[in-house]
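Below is one structure; the comments refer to it alone.
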Amino acid sequence: MNKPLRRIAIFCGLLVLALLIRDNWLQYVKADQLRTDTANRRVAIERYANPRGDIVVDGDPITGSVEAKNGDFKYKRTYKNGAMWAPVTGYSSQAFGANQLENIEDGILTGNDDRLFFRKTLDMITGKDQQGGNVVTTLNAAAQKAAFNGLRSQGGKGAVVALEPSTGKILALASYPSYDPSSFAGNTDKDAKAWNGLLKKNNPSDPALNRALRETYPPGSTFKVVTAAAALENGLYKSADEKTDSPLPYVMKGTTTELKNEGNIPCKDANMREALRVSCNTVFGKIGADLGNDKMLAEAKKFGFDAEQFTPIRSSASVFSDNMNPSQTALSSIGQYNTAATPLQMAMVASAVANDGKLMKPYMVDQLQSSNLDPVAKTDPEELSRPLSPQNAQILQSMMETVVKSGTGQRAQIGGGVTVGGKTGTAQHGVANSANPYAWFISYAKLSDNSSPVAVAVVVEDENANRDDISGGGLAAPIAKNVMEAVINSKK
């Protein structure tokens, strides 16, 4: 072979080698990335080529799939009581993607998850179309309905979270206002209009916001439960009925500013039981200042503050600040200043107290199933922390039960041998506290056998209400009561 031909042959050989390398790079190294790239329309077409698996509550699906009437997507998602369940399911849209459980568990729901390999192989052999698996939740349908209807009846905005204290199972997760994911599940002009309306800028109702997990509010006096726990755990006071060192008026250290109470209530040197019953700012503000920022922060963190929670949907981190001076610590210890909490976080506080001081990790997915209902994965309860000793938790339970028996939380009382512990909160916010306050209530229910099936947190925002009519005991406690009753009745 002459020299020019040899050079051409070598050059052609190099081109073939480069092509083989590139082909193998695309097929083996970049295959997964290209297969899942959102810009690859085949990904979306494949996602909707078969009916998705279902998200299940109490054994019944709250989702479904129907054949699409147009376009190249064969199926589209449907939802039962979509607005009620949207904070749990999220949405799955042909045009706008997916979020929350629909996104997190997409592999199971489409049947593409590697854990479904055996099922996929069997379907391939038998010639069946690929089928999605199911996501079985921990939610309680009756509790969710009570929570959503309770918020809707108030006409404002708000959220409810209910937990099973012994396991951390999420029993209710409601946010209001909400949206129906079915309204934009397709890929038409009508779906686009619904989507644009949902995300409309400056929409004051913000129905797409998951207030139960993503919104942080000043928790107001409900945070006094954390402050009481810190006092007991650090030995500042050893019982609920020990007189506290609480002057009236109380001038915050380093300032000339008095910390005020709401109305003429018996707070001078009040014991913690009475201070929680009538909600004394002076008592709990001074407790926080006496303990100091470091001890208060350490106790708040044990309850879950300053950390995101994954349920598996991410929940925003609640906040208790560091490096605060005594007056700032006093204000933060009554749930004001920088203190901010999600409804999930405050449900975790009530849950830990009810569970004798043991805080369980909150979760909403009980198990994942293949299309023939075989279990693929199951969530086991997991201890998150121990904010309180059992002895101190029981002291705090007795205090919270006094609040409901004869204090500000009486509208949460349940008959039939059920004992309720709770704490109200009316959280100030806005410039110079000018905006209508948030109404809070946290609680738990105990049965005659001393077991606690449910702990609840409720927050209500009502910008149109008369400011003097807003209170945790008035607006939020009745919702909490209905949710707790729904859980108790569902177990009978």
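Letters for chains follow the order of the structure tokens (A, B, ...), residue numbers begin at 1 for each chain, and ligand numbers begin at 1 in the order shown.
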
Contacts of Val353 of chain A within 12 Å, only C-alpha atoms, excl. fewer than 3 positions in-chain, as a ChimeraX atom specification: /A:165-166,225-226,228-229,303,346-350,356-360,385-401,421-423,442-446,452,454-456

Contacts of Leu447 of chain A within 8 Å, only C-alpha atoms, excl. fewer than 3 positions in-chain, as JSON, numbers by chain: {"A": [417, 418, 419, 450, 451, 452, 453]}

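Take the candidates A:Ala9, A:Ala185, A:Ala270, A:Val88 and check each one against Gln144 of chain A using only C-alpha atoms; the shortest distance goes to A:Val88.
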
Residue nearest Pro249 of chain A - candidates A:Asn210, A:Thr282, A:Asn99, A:Thr222, atoms counted: only C-alpha atoms: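 So, comparing all the options, the nearest one is A:Thr282.
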
Those of segment 165-407 of chain A in DSSP alpha helix (DSSP H), formatted as a PyMOL selection string: chain A and resi 189-198+224-233+272-278+281-291+293-302+326-332+343-354+390-406

Counting only C-alpha atoms, the residue of A:Ile170, A:Leu163, A:Ala476, A:Ala275 that sits nearest Glu242 of chain A: A:Ala275

Distance in Å - atom CA of Lys491 of chain A versus atom CA of Val57 of chain A: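 Distance between the two atoms: 14.9 Å.
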
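Closest approach to Thr402 of chain A among A:Leu5, A:Ala231, A:Met272, A:Leu151 is made by A:Met272 (distances from only C-alpha atoms).
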
Neighbour list for Glu46 of chain A as a PyMOL selection string, cut-off 10 Å, only C-alpha atoms, skip fewer than 6 positions in-chain: chain A and resi 73-74+110+112

Next, write the just-selected residues to a file, as a PDB file, in the first residue's frame, keeping N, CA and C atoms as the atom set.
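File produced: again-v1.pdb:
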ATOM      1  N   PHE A  73     -49.683  12.059  24.493  1.00  0.00           N
ATOM      2  CA  PHE A  73     -49.663  11.413  25.803  1.00  0.00           C
ATOM      3  C   PHE A  73     -50.920  10.566  25.922  1.00  0.00           C
ATOM      4  N   LYS A  74     -50.744   9.285  26.185  1.00  0.00           N
ATOM      5  CA  LYS A  74     -51.886   8.376  26.141  1.00  0.00           C
ATOM      6  C   LYS A  74     -52.798   8.529  27.349  1.00  0.00           C
ATOM      7  N   THR A 110     -44.702   5.071  37.971  1.00  0.00           N
ATOM      8  CA  THR A 110     -44.617   4.773  36.533  1.00  0.00           C
ATOM      9  C   THR A 110     -44.206   3.327  36.270  1.00  0.00           C
ATOM     10  N   ASN A 112     -41.011   2.369  36.662  1.00  0.00           N
ATOM     11  CA  ASN A 112     -39.621   2.403  36.183  1.00  0.00           C
ATOM     12  C   ASN A 112     -38.581   2.212  37.280  1.00  0.00           C
TER      13      ASN A 112
END

Distance query segment 77-84 of chain A at most 8 Å, only C-alpha atoms, self and fewer than 6 positions along chain excluded, as a list in words: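 Counting only the stated atoms, we get Arg52, Ile62, Thr63, Gly64, Ser65, Val66, Ser92, Ser93, Gln144, Lys145, Phe148, Ala174, Ser175, Ser178, Tyr179, Asp180, Pro181, Ser182, Ala185 and Gly186 of chain A.
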
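Remark: for Val278 of chain A, the closest of the candidate residues A:Thr424, A:Gln367, A:Asn70, A:Thr137 is A:Thr424 (distances computed over only C-alpha atoms).
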
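Using only C-alpha atoms for every distance, the candidate list A:Val420, A:Pro177, A:Thr339, A:Ser333 yields A:Ser333 as the residue closest to Leu259 of chain A.
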
Shell around Phe223 of chain A at 12 Å using only C-alpha atoms, local window under 6 positions removed, as a VMD selection string: chain A and resid 217 229 to 230 276 279 281 284 to 285 288 296 299 to 300 303 305 318 to 320 330 to 337 339 to 343 345 to 350 422 to 427 440 to 442 457

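Using only C-alpha atoms, the protein and nucleic acid residues lying no more than 10 Å from Asp113 of chain A, apart from those fewer than 6 places from it along its own chain, are A:Glu105, A:Asp106, A:Gly107, A:Lys120, A:Gly132, A:Gly133, A:Ser370.
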
Strand (DSSP E) per DSSP on the backbone: members of segment 225-327 of chain A, as a ChimeraX atom specification: /A:250-251,258-259,309-310,314-315

Nearby residues (only C-alpha atoms) at most 9 Å from Ala141 of chain A, same-chain spacing under 6 positions excluded, as a list in words: Val57, Asp58, Leu171, Ala172 and Ala486 of chain A
